[in-house]
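*Asks:* Let me begin by handing over the structure; questions about it come next.
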Amino acid sequence: MPPAPALAVAEVSHAFGPRAALDQVSFALRPGDFTVLLGLNGAGKTTLFSLITGLYHCGQGRISVFGHDISTEPSPALARIGVVFQQSTLDLDLTVEQNLFYHAALHGMARAAAAPRIAIELDRVGLLARRKDRTRYLSGGQRRRVEVARALIHDPTLLLLDEPTVGLDMESRGFLLEHVRRLCAEQRLAVLWATHLIDEAGADAKAIVLHGGRVLADGPVPAIVRDAGAANLKAAFDTLVASAPAIGGRP
Amino acid sequence: MMVGLGPAQYARCLGGIVRREALRWVHQRSRFVSALVRPLVWLAIFAAGFRFVLGVSIVPPYETYIPYEVYIAPGLVAMILLFQGMQSSLSMVYDREMGSMRLLMVSPLPRWFLLTAKLIAGVIVSIVQAYIFLAIAWFWEIEPPLLGYLTVLPALALAGLMLGALGLVLSSFIRQLENFAGVMNFVIFPMFFASSALYPLWHVKEASLTLYWICEINPFSQATELIRFALYGQIEWLSAGVVTASLLIFMVLAIYGYDPGRGLIARRGGPE
């Protein structure tokens with residue numbers, strides 16, 4: 001039997017009342033995959049993340065993380081996931097370290113076990129020296145880096161990032177992207193990176209184009225570009241979106 | 001990555017949640033001060049003004065005539081617990097809007113446990129506040145027997161859990177932060193005034209029998225009476241029963257409200 005994929009989303013649909021947010025979404029991520037989830041605002045990216053993390057109940061379709069169904073076995077599934085949410089979720093009154101220890105505790109880690117992990121992850125994002133500072137005094141880019149470090153404290157094997165670069169300057173964006181790609185390559189971490197910024201998908205990445213709650217394309221970036229008969233990913237994205245049928249109920 | 005969930009993981013998670021609550025409490029000094037000043041204002045001004053208006057006859061657990069201040073002190077302790085419960089509920093709504101609720105909810109530990117841990121953390125903070133109030137109240141000649149300070153602890157814990165659980169239920173129903181003012185008007189004030197916190201219920205009975213029964217079934221009255229008797233080393237079993245039953249009902253509702261499948265998060269109707 002082949003090993004279970006890091007993340008398997010199978011025929012997932014979700015609606016808020018009469019409004020369909022996701023329609024028959026299916027894809028899979030393998031360990032070591034860096035996959036960019038491309039979509040405009042309102043494409044359904046955040047809804048998908050909420051379903052994968054069990055924040056919303058997955059009523060139609062199936063989502064599993066390394067073979068653990070998020071509905072029936074949430075604990076082992078969640079233990080393997082690291083998440084960076086779209087909104088900042090740091091406690092601004094607490095120090096960097098206190099925030100990270102809190103996260104470690106939520107995952108049942110002992111302080112003695114968490115301390116070295118926190119040091120390693122903070123060092124990787126270049127913020128070890130700021131660990132005693134309140135997060136309120138950090139810049140937007142630094143806060144994001146702390147959140148990426150935090151998502152990795154419990155050694156997840158699947159990392160989800162929902163629009164992690166929104167509001168960041170070019171330098172911070174570059175740093176984050178490079179950092180996560182390195183983790184992917186070195187630790188075989190499966191990464192799902194949601195964004196509406198097309199240039200964040202490098203030529204060697206995989207991409208999933210989500211539009212109006214539907215997957216329009218899924219595969220390595222060069223293949224998507226070729227199949228759409230376009231010159232680059234931006235052009236391919238525009239072609240795909242323009243030819244997509246409008247989905248019902250959406251304004 | 002964690003392999004399994006045992007008692008150690010649960011204990012660490014609870015520890016982390018309590019620690020965060022305590023740190024937040026220490027950092028938000030204004031919250032702490034207002035929580036303390038509020039009951040002291042009632043004690044210093046309200047009680048002084050009303051001590052000659054309201055006659056307090058000898059009612060258990062008191063064995064003699066008591067000044068009005070002594071009568072309302074347990075009610076003010078319950079008020080601290082009530083406000084802290086609502087404060088926690090407010091911070092849950094705030095956390096949800098700010099997104100840090102998501103952080104809590106993606107913990108691999110079961111959701112009922114996370115909510116319970118959050119509740120316990122809030123109750124620990126309110127118990128500390130209640131003791132600080134009792135210490136200051138001692139200077140107003142509110143001097144229960146020394147042993148009372150110990151016997152009141154389980155009563156504070158039970159009443160605090162019940163009022164905190166009520167806050168959790170409300171937080172799962174309140175959609176937005178702005179609606180919190182409504183909670184103040186429709187929950188805190190009626191609960192506080194329609195209770196035995198400020199006047200013995202036989203006074204109310206003379207005025208209106210309906211109101212008397214409303215006061216009697218008000219869980220806040222029962223929490224107040226539980227604390228009042230416990231402060232004098234006695235157990236009021238009926239109150240303990242009502243408070244426990246209310247706690248269980250509120251907790252079931254809260255867990256339901258925070259369940260992603262059935263509860264209000266799913267029904268909320270859209271991505272936040």
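Identifiers in the structure tokens: chain A, B, ... in order shown; residue index from 1 per chain; ligand index from 1 in order shown.
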So which residues touch A:Gly42 within 9 Å, counting only C-alpha atoms, skipping near sequence neighbours fewer than 4 positions away, as a list of chain:residue names?
*Replies:* A:Ala21, A:Thr46, A:His211, A:Gly212, A:Gly213
*Asks:* Since we have the selection now, will you write its residues out, keeping C-alpha atoms, as a PDB file, in the first residue's frame?
*Replies:*
ATOM      1  CA  ALA A  21     -18.228  28.442  -1.104  1.00  0.00           C
ATOM      2  CA  THR A  46      -9.974  30.526   3.826  1.00  0.00           C
ATOM      3  CA  HIS A 211     -11.805  30.086  -8.435  1.00  0.00           C
ATOM      4  CA  GLY A 212     -15.401  30.467  -7.353  1.00  0.00           C
ATOM      5  CA  GLY A 213     -14.995  27.458  -5.066  1.00  0.00           C
TER       6      GLY A 213
END
*Asks:* Which polymer residues have any atom within 9 Å of an atom of stretch 139-145 of chain B, counting only C-alpha atoms, with same-chain residues fewer than 6 positions away left out, as a PDB file with C-alpha atoms, in the first residue's frame?
*Replies:*
ATOM      1  CA  LEU B  43     -19.583  48.547  49.702  1.00  0.00           C
ATOM      2  CA  ALA B  44     -18.410  52.047  50.531  1.00  0.00           C
ATOM      3  CA  GLU B  69     -22.397  45.875  54.710  1.00  0.00           C
ATOM      4  CA  VAL B  70     -22.018  42.423  56.152  1.00  0.00           C
ATOM      5  CA  TYR B  71     -25.190  41.302  54.419  1.00  0.00           C
ATOM      6  CA  ALA B  73     -20.530  41.317  51.078  1.00  0.00           C
ATOM      7  CA  LEU B 231     -18.307  32.061  54.400  1.00  0.00           C
ATOM      8  CA  TYR B 232     -19.768  31.110  57.776  1.00  0.00           C
ATOM      9  CA  GLY B 233     -18.692  27.497  57.539  1.00  0.00           C
TER      10      GLY B 233
END
*Asks:* Step one, run DSSP on the backbone; step two, keep only residues of stretch 37-246 of chain B assigned to alpha helix (DSSP H); then write them as an MDAnalysis selection string.
*Replies:* chainID B and resid 37:41 47:50 68:98 100:105 111:137 146:173 180:183 189:193 201:207 209:217 219:231 237:246
*Asks:* Write to file, as a compact mmCIF listing (two decimals), in the first residue's frame, the residues of the selection just made, with C-alpha atoms.
*Replies:*
# COMPACT_ATOMS: atom_id res chain seq x y z
CA VAL B 37 -12.98 49.00 42.61
CA ARG B 38 -16.50 48.08 41.47
CA PRO B 39 -17.48 46.01 44.53
CA LEU B 40 -15.64 48.39 46.84
CA VAL B 41 -17.68 51.29 45.51
CA ALA B 47 -24.10 49.99 51.57
CA ALA B 48 -23.46 53.12 53.61
CA GLY B 49 -26.42 54.85 52.03
CA PHE B 50 -28.82 51.97 52.45
CA TYR B 68 -26.02 45.99 55.92
CA GLU B 69 -22.40 45.87 54.71
CA VAL B 70 -22.02 42.42 56.15
CA TYR B 71 -25.19 41.30 54.42
CA ILE B 72 -24.19 42.41 50.94
CA ALA B 73 -20.53 41.32 51.08
CA PRO B 74 -21.23 37.75 49.80
CA GLY B 75 -23.37 39.24 47.04
CA LEU B 76 -20.52 41.48 46.02
CA VAL B 77 -18.18 38.49 45.96
CA ALA B 78 -20.66 36.77 43.66
CA MET B 79 -20.72 39.96 41.60
CA ILE B 80 -16.96 39.70 41.13
CA LEU B 81 -17.45 36.17 39.83
CA LEU B 82 -20.28 37.26 37.57
CA PHE B 83 -18.31 40.13 36.03
CA GLN B 84 -15.25 37.95 35.60
CA GLY B 85 -17.39 35.32 33.89
CA MET B 86 -18.75 37.97 31.53
CA GLN B 87 -15.26 39.38 31.06
CA SER B 88 -14.03 35.94 29.98
CA SER B 89 -16.94 35.70 27.62
CA LEU B 90 -16.07 39.10 26.23
CA SER B 91 -12.48 38.02 25.72
CA MET B 92 -13.70 34.87 23.94
CA VAL B 93 -15.67 37.02 21.51
CA TYR B 94 -12.68 39.29 21.14
CA ASP B 95 -10.41 36.29 20.59
CA ARG B 96 -12.75 35.03 17.95
CA GLU B 97 -12.78 38.31 16.10
CA MET B 98 -9.02 38.67 16.42
CA SER B 100 -6.69 33.76 18.36
CA MET B 101 -9.67 31.53 19.02
CA ARG B 102 -8.59 29.61 15.94
CA LEU B 103 -5.26 28.97 17.55
CA LEU B 104 -6.98 27.38 20.53
CA MET B 105 -9.29 25.35 18.32
CA ARG B 111 -12.71 20.82 22.21
CA TRP B 112 -14.69 20.14 25.39
CA PHE B 113 -11.41 20.02 27.23
CA LEU B 114 -10.15 23.27 25.71
CA LEU B 115 -13.34 25.05 26.72
CA THR B 116 -13.20 23.58 30.22
CA ALA B 117 -9.56 24.61 30.56
CA LYS B 118 -10.43 28.13 29.46
CA LEU B 119 -13.23 28.15 32.02
CA ILE B 120 -10.98 26.93 34.83
CA ALA B 121 -8.37 29.56 33.96
CA GLY B 122 -10.99 32.30 34.25
CA VAL B 123 -12.26 30.93 37.56
CA ILE B 124 -8.76 30.88 39.08
CA VAL B 125 -8.40 34.55 38.22
CA SER B 126 -11.80 35.38 39.74
CA ILE B 127 -11.07 33.48 42.94
CA VAL B 128 -7.90 35.52 43.43
CA GLN B 129 -9.92 38.70 42.93
CA ALA B 130 -12.57 37.53 45.38
CA TYR B 131 -9.97 36.94 48.07
CA ILE B 132 -8.38 40.33 47.50
CA PHE B 133 -11.83 41.86 47.93
CA LEU B 134 -12.49 39.89 51.11
CA ALA B 135 -9.14 41.02 52.47
CA ILE B 136 -9.98 44.68 51.87
CA ALA B 137 -13.55 44.18 53.13
CA LEU B 146 -11.23 32.71 59.99
CA LEU B 147 -12.20 29.20 58.97
CA GLY B 148 -14.82 30.77 56.70
CA TYR B 149 -12.10 32.04 54.40
CA LEU B 150 -11.17 28.42 53.78
CA THR B 151 -14.68 26.95 53.56
CA VAL B 152 -15.71 29.61 51.04
CA LEU B 153 -13.13 28.35 48.55
CA PRO B 154 -15.15 25.42 47.14
CA ALA B 155 -18.22 27.67 46.98
CA LEU B 156 -16.25 30.27 45.03
CA ALA B 157 -14.97 27.60 42.68
CA LEU B 158 -18.41 26.13 42.04
CA ALA B 159 -20.16 29.49 41.65
CA GLY B 160 -17.30 30.79 39.50
CA LEU B 161 -17.49 27.77 37.21
CA MET B 162 -21.24 28.17 36.85
CA LEU B 163 -21.08 31.89 36.02
CA GLY B 164 -18.08 31.33 33.76
CA ALA B 165 -19.95 28.60 31.89
CA LEU B 166 -22.84 31.03 31.45
CA GLY B 167 -20.34 33.44 29.93
CA LEU B 168 -19.16 30.71 27.54
CA VAL B 169 -22.71 30.05 26.41
CA LEU B 170 -23.27 33.74 25.80
CA SER B 171 -19.98 34.05 23.91
CA SER B 172 -21.05 31.29 21.55
CA PHE B 173 -24.29 33.16 20.88
CA PHE B 180 -21.80 42.94 24.46
CA ALA B 181 -23.63 46.01 25.74
CA GLY B 182 -26.85 44.06 25.25
CA VAL B 183 -25.51 41.29 27.43
CA PHE B 189 -28.22 43.69 35.60
CA PRO B 190 -31.34 41.51 35.85
CA MET B 191 -29.33 38.66 37.34
CA PHE B 192 -27.74 40.90 39.90
CA PHE B 193 -30.83 42.85 40.94
CA LEU B 201 -35.66 37.65 49.64
CA TRP B 202 -38.36 37.92 52.32
CA HIS B 203 -38.29 41.64 51.54
CA VAL B 204 -39.01 40.85 47.92
CA LYS B 205 -41.75 38.39 48.90
CA GLU B 206 -43.62 41.19 50.66
CA ALA B 207 -43.53 43.23 47.48
CA LEU B 209 -44.65 36.88 44.99
CA THR B 210 -43.82 36.46 41.29
CA LEU B 211 -40.66 38.44 41.63
CA TYR B 212 -39.79 36.40 44.70
CA TRP B 213 -39.91 33.19 42.72
CA ILE B 214 -37.92 34.70 39.89
CA CYS B 215 -35.28 35.64 42.44
CA GLU B 216 -35.39 32.16 43.97
CA ILE B 217 -34.77 30.34 40.71
CA PRO B 219 -28.89 30.80 39.68
CA PHE B 220 -27.11 33.97 40.75
CA SER B 221 -29.19 34.05 43.96
CA GLN B 222 -28.25 30.47 44.63
CA ALA B 223 -24.57 31.26 43.97
CA THR B 224 -24.80 34.17 46.39
CA GLU B 225 -26.44 32.04 49.09
CA LEU B 226 -23.90 29.28 48.56
CA ILE B 227 -21.09 31.77 49.14
CA ARG B 228 -22.90 33.43 52.07
CA PHE B 229 -23.32 30.18 53.98
CA ALA B 230 -19.89 28.88 53.08
CA LEU B 231 -18.31 32.06 54.40
CA TRP B 237 -27.27 22.07 49.96
CA LEU B 238 -30.14 23.35 47.88
CA SER B 239 -28.02 26.18 46.49
CA ALA B 240 -25.13 23.83 45.84
CA GLY B 241 -27.49 21.56 43.90
CA VAL B 242 -28.99 24.36 41.83
CA VAL B 243 -25.57 25.84 41.06
CA THR B 244 -24.20 22.43 40.04
CA ALA B 245 -27.20 21.70 37.84
CA SER B 246 -26.92 25.13 36.19
*Asks:* Got a sec to pull out which chain A residues are within 9 Å of chain B, counting only C-alpha atoms, and send them as a short mmCIF file (atom, residue, chain, number, x, y, z; two decimals) with C-alpha atoms, in the first residue's frame?
*Replies:*
data_model
loop_
_atom_site.label_atom_id
_atom_site.label_comp_id
_atom_site.auth_asym_id
_atom_site.auth_seq_id
_atom_site.Cartn_x
_atom_site.Cartn_y
_atom_site.Cartn_z
CA ALA A 15 -21.97 26.16 1.59
CA PHE A 16 -22.93 28.99 3.87
CA GLY A 17 -26.68 28.85 3.69
CA ARG A 19 -24.21 30.43 -0.95
CA ALA A 21 -18.23 28.44 -1.10
CA GLY A 44 -12.76 29.87 -1.08
CA THR A 46 -9.97 30.53 3.83
CA THR A 47 -13.06 28.29 3.87
CA SER A 50 -11.11 26.24 8.03
CA THR A 53 -8.20 22.51 10.39
CA GLY A 54 -11.59 21.31 11.64
CA LEU A 55 -12.84 24.79 12.42
CA TYR A 56 -15.83 24.12 10.20
CA HIS A 57 -17.39 20.72 10.03
CA CYS A 58 -16.64 18.93 6.78
CA GLY A 59 -20.12 17.78 5.79
CA PRO A 74 -9.25 15.09 14.63
CA SER A 75 -6.54 14.68 17.28
CA PRO A 76 -3.88 12.80 15.27
CA ALA A 77 -4.72 14.92 12.23
CA LEU A 78 -4.37 18.24 14.08
CA ALA A 79 -1.18 17.08 15.82
CA ARG A 80 0.47 16.85 12.38
CA ILE A 81 -0.67 20.25 11.14
CA GLY A 82 1.06 23.59 11.62
CA VAL A 83 -1.03 26.62 10.68
CA PHE A 85 -3.64 32.05 9.83
CA GLN A 86 -4.47 34.97 7.62
CA GLN A 87 -5.15 37.19 10.60
CA SER A 88 -2.40 37.57 13.14
CA THR A 89 -3.13 35.45 16.19
CA LEU A 90 -0.33 36.59 18.45
CA ASP A 91 -1.15 37.89 21.88
CA ASP A 93 0.54 41.78 25.53
CA LEU A 94 2.71 38.69 25.82
CA GLN A 98 5.31 33.44 26.08
CA ASN A 99 3.30 33.22 22.88
CA PHE A 101 5.17 28.47 25.05
CA TYR A 102 1.40 28.90 25.00
CA HIS A 103 1.23 27.24 21.61
CA ALA A 104 3.49 24.40 22.78
CA ALA A 105 1.21 23.85 25.79
CA LEU A 106 -1.83 23.69 23.52
CA HIS A 107 -0.09 20.80 21.80
CA GLY A 108 0.62 19.12 25.12
CA MET A 109 4.37 19.77 25.04
CA ALA A 110 6.32 20.05 28.28
CA ARG A 111 8.14 23.35 28.79
CA ILE A 153 7.26 24.24 17.32
CA HIS A 154 5.40 20.92 17.60
CA ASP A 155 7.20 19.47 14.55
CA PRO A 156 4.27 19.22 12.16
CA THR A 157 4.63 17.43 8.85
#
*Asks:* When distances are computed from only C-alpha atoms, which of A:Ala201, A:Leu138, A:Ala113, A:Val241 shows the smallest separation from A:Ala217?
*Replies:*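 Distance minimum relative to A:Ala217 lands on A:Val241.
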*Asks:* For atom CA of B:Glu21 and atom CA of A:Ile52, quote the distance in Å rounded to one decimal.
*Replies:*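 Distance reported for this atom pair: 27.9 Å.
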*Asks:* At a cut-off of 9 Å, using only C-alpha atoms, what residues contact A:Ala194? Leave out same-chain residues fewer than 2 positions from it and give the result as a count of residues only.
*Replies:* 15
*Asks:* With a distance cut-off of 9 Å and only C-alpha atoms, select the neighbouring residues of stretch 116-126 of chain A, excluding the residue or stretch itself and same-chain residues fewer than 5 positions from it, and output the selection as a list in words.
*Replies:*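 These residues fall inside the cut-off: Glu97, Leu100, Phe101, Ala104, Arg131, Gln142, Arg145, Val146, Val148, Ala149, Arg150, Leu152, Ile153, His154, Asp155, Phe175, Leu176 and His179 of chain A.
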*Asks:* Generate the output file for the selected residues, N, CA and C atoms, as a CSV table (one decimal), in the first residue's frame.
*Replies:*
chain,number,residue,atom,x,y,z
A,97,GLU,N,8.3,34.8,23.4
A,97,GLU,CA,8.5,33.5,24.0
A,97,GLU,C,7.2,32.9,24.7
A,100,LEU,N,4.9,31.6,22.2
A,100,LEU,CA,5.3,30.3,21.7
A,100,LEU,C,5.1,29.1,22.7
A,101,PHE,N,5.4,29.5,24.0
A,101,PHE,CA,5.2,28.5,25.0
A,101,PHE,C,3.7,28.1,25.2
A,104,ALA,N,2.9,25.7,22.4
A,104,ALA,CA,3.5,24.4,22.8
A,104,ALA,C,2.6,23.7,23.8
A,131,ARG,N,13.3,37.3,21.8
A,131,ARG,CA,12.4,36.4,22.4
A,131,ARG,C,11.7,37.0,23.7
A,142,GLN,N,8.1,40.9,11.2
A,142,GLN,CA,8.6,40.1,12.3
A,142,GLN,C,7.6,39.3,13.0
A,145,ARG,N,7.0,36.3,11.0
A,145,ARG,CA,8.1,35.3,11.2
A,145,ARG,C,7.9,34.5,12.5
A,146,VAL,N,7.4,35.3,13.5
A,146,VAL,CA,7.2,34.6,14.8
A,146,VAL,C,6.1,33.5,14.6
A,148,VAL,N,5.3,31.9,11.9
A,148,VAL,CA,5.8,30.8,11.1
A,148,VAL,C,6.6,29.9,12.1
A,149,ALA,N,7.4,30.5,12.9
A,149,ALA,CA,8.2,29.7,13.9
A,149,ALA,C,7.2,29.0,14.8
A,150,ARG,N,6.2,29.7,15.3
A,150,ARG,CA,5.2,29.1,16.2
A,150,ARG,C,4.6,27.8,15.6
A,152,LEU,N,5.7,25.8,13.7
A,152,LEU,CA,6.6,24.6,13.6
A,152,LEU,C,7.1,24.0,14.9
A,153,ILE,N,6.7,24.7,16.0
A,153,ILE,CA,7.3,24.2,17.3
A,153,ILE,C,7.0,22.8,17.6
A,154,HIS,N,5.8,22.3,17.3
A,154,HIS,CA,5.4,20.9,17.6
A,154,HIS,C,5.8,19.9,16.5
A,155,ASP,N,6.7,20.4,15.6
A,155,ASP,CA,7.2,19.5,14.5
A,155,ASP,C,6.1,18.9,13.6
A,175,PHE,N,11.8,36.8,2.3
A,175,PHE,CA,12.4,36.0,3.4
A,175,PHE,C,11.5,34.8,3.8
A,176,LEU,N,10.2,35.1,3.9
A,176,LEU,CA,9.3,34.1,4.3
A,176,LEU,C,9.2,33.0,3.3
A,179,HIS,N,12.3,30.9,3.4
A,179,HIS,CA,12.4,30.1,4.6
A,179,HIS,C,11.5,28.9,4.5
*Asks:* Can you tell me, as a PyMOL selection string, which residues in stretch 9-83 of chain A count as strand (DSSP E or B) by DSSP?
*Replies:* chain A and resi 9-16+19-29+34-38+60-65+68-69+81-83
*Asks:* Output N, CA and C atoms for every residue in the selection just made, as a CSV table (one decimal), in the first residue's frame.
*Replies:*
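File written: again.csv
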chain,number,residue,atom,x,y,z
A,9,VAL,N,-7.7,15.9,0.0
A,9,VAL,CA,-9.0,16.6,0.0
A,9,VAL,C,-9.8,15.9,-1.1
A,10,ALA,N,-10.9,15.3,-0.8
A,10,ALA,CA,-11.6,14.5,-1.8
A,10,ALA,C,-13.1,15.0,-1.9
A,11,GLU,N,-13.4,15.6,-3.0
A,11,GLU,CA,-14.8,16.0,-3.3
A,11,GLU,C,-15.4,16.8,-2.2
A,12,VAL,N,-14.7,17.8,-1.7
A,12,VAL,CA,-15.3,18.6,-0.6
A,12,VAL,C,-16.1,19.7,-1.2
A,13,SER,N,-17.3,19.8,-0.6
A,13,SER,CA,-18.2,20.9,-0.9
A,13,SER,C,-18.6,21.6,0.4
A,14,HIS,N,-18.8,22.9,0.3
A,14,HIS,CA,-19.2,23.6,1.5
A,14,HIS,C,-20.1,24.8,1.2
A,15,ALA,N,-21.1,25.0,1.9
A,15,ALA,CA,-22.0,26.2,1.6
A,15,ALA,C,-22.3,26.9,2.9
A,16,PHE,N,-22.4,28.2,2.8
A,16,PHE,CA,-22.9,29.0,3.9
A,16,PHE,C,-24.4,29.4,3.5
A,19,ARG,N,-25.4,30.0,-0.2
A,19,ARG,CA,-24.2,30.4,-0.9
A,19,ARG,C,-23.1,29.3,-0.9
A,20,ALA,N,-22.8,28.8,-2.1
A,20,ALA,CA,-21.8,27.8,-2.2
A,20,ALA,C,-20.4,28.4,-2.1
A,21,ALA,N,-19.6,27.9,-1.2
A,21,ALA,CA,-18.2,28.4,-1.1
A,21,ALA,C,-17.2,27.5,-1.7
A,22,LEU,N,-17.4,26.2,-1.6
A,22,LEU,CA,-16.6,25.2,-2.3
A,22,LEU,C,-17.4,24.2,-3.0
A,23,ASP,N,-17.0,23.8,-4.2
A,23,ASP,CA,-17.7,22.9,-5.0
A,23,ASP,C,-16.9,21.7,-5.5
A,24,GLN,N,-17.0,20.6,-4.9
A,24,GLN,CA,-16.3,19.4,-5.4
A,24,GLN,C,-14.8,19.6,-5.5
A,25,VAL,N,-14.2,20.1,-4.4
A,25,VAL,CA,-12.8,20.3,-4.4
A,25,VAL,C,-12.0,19.0,-4.1
A,26,SER,N,-11.1,18.7,-5.0
A,26,SER,CA,-10.2,17.5,-4.7
A,26,SER,C,-8.8,17.8,-5.1
A,27,PHE,N,-7.9,17.4,-4.2
A,27,PHE,CA,-6.4,17.5,-4.5
A,27,PHE,C,-5.7,16.7,-3.5
A,28,ALA,N,-4.4,16.5,-3.7
A,28,ALA,CA,-3.6,15.8,-2.7
A,28,ALA,C,-2.2,16.4,-2.7
A,29,LEU,N,-1.6,16.4,-1.5
A,29,LEU,CA,-0.2,16.9,-1.3
A,29,LEU,C,0.6,15.7,-0.8
A,34,PHE,N,5.8,21.6,-2.3
A,34,PHE,CA,5.4,23.0,-2.0
A,34,PHE,C,4.3,23.4,-3.0
A,35,THR,N,3.1,23.5,-2.5
A,35,THR,CA,2.0,23.8,-3.4
A,35,THR,C,1.4,25.2,-3.1
A,36,VAL,N,1.2,25.9,-4.1
A,36,VAL,CA,0.6,27.3,-4.0
A,36,VAL,C,-0.8,27.2,-4.3
A,37,LEU,N,-1.7,27.6,-3.4
A,37,LEU,CA,-3.1,27.6,-3.7
A,37,LEU,C,-3.4,29.0,-4.2
A,38,LEU,N,-3.6,29.1,-5.5
A,38,LEU,CA,-3.9,30.4,-6.1
A,38,LEU,C,-5.3,30.7,-6.2
A,60,GLN,N,-19.6,17.5,3.5
A,60,GLN,CA,-19.6,16.8,2.2
A,60,GLN,C,-18.2,16.6,1.7
A,61,GLY,N,-17.8,15.4,1.4
A,61,GLY,CA,-16.5,15.0,1.0
A,61,GLY,C,-15.6,14.6,2.2
A,62,ARG,N,-14.3,14.4,1.9
A,62,ARG,CA,-13.5,13.8,3.0
A,62,ARG,C,-12.1,14.6,3.0
A,63,ILE,N,-11.6,14.9,4.2
A,63,ILE,CA,-10.3,15.5,4.3
A,63,ILE,C,-9.5,14.6,5.2
A,64,SER,N,-8.3,14.2,4.8
A,64,SER,CA,-7.5,13.4,5.7
A,64,SER,C,-6.1,13.9,5.7
A,65,VAL,N,-5.4,13.8,6.8
A,65,VAL,CA,-4.1,14.3,7.0
A,65,VAL,C,-3.2,13.0,7.4
A,68,HIS,N,-5.4,10.3,8.5
A,68,HIS,CA,-6.3,10.5,9.6
A,68,HIS,C,-7.4,11.5,9.1
A,69,ASP,N,-8.7,11.0,9.2
A,69,ASP,CA,-9.8,11.8,8.7
A,69,ASP,C,-10.0,12.9,9.8
A,81,ILE,N,-0.5,19.0,11.9
A,81,ILE,CA,-0.7,20.3,11.1
A,81,ILE,C,-0.1,21.5,11.9
A,82,GLY,N,0.7,22.3,11.1
A,82,GLY,CA,1.1,23.6,11.6
A,82,GLY,C,0.3,24.6,10.8
A,83,VAL,N,-0.2,25.7,11.4
A,83,VAL,CA,-1.0,26.6,10.7
A,83,VAL,C,-0.5,28.0,10.9
*Asks:* If you count only C-alpha atoms, which residues fall within 9 Å of A:Gln187, apart from same-chain ones fewer than 4 positions away, as a list in words?
*Replies:*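 The residues satisfying every condition are Pro31, Gly32, Thr157, Arg182 and Leu183 of chain A.
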*Asks:* Skipping near chain neighbours, those fewer than 6 positions away, what residues fall within 8 Å of A:Thr165 using only C-alpha atoms, listed as a PyMOL selection string?
*Replies:* chain A and resi 172-173+176+195
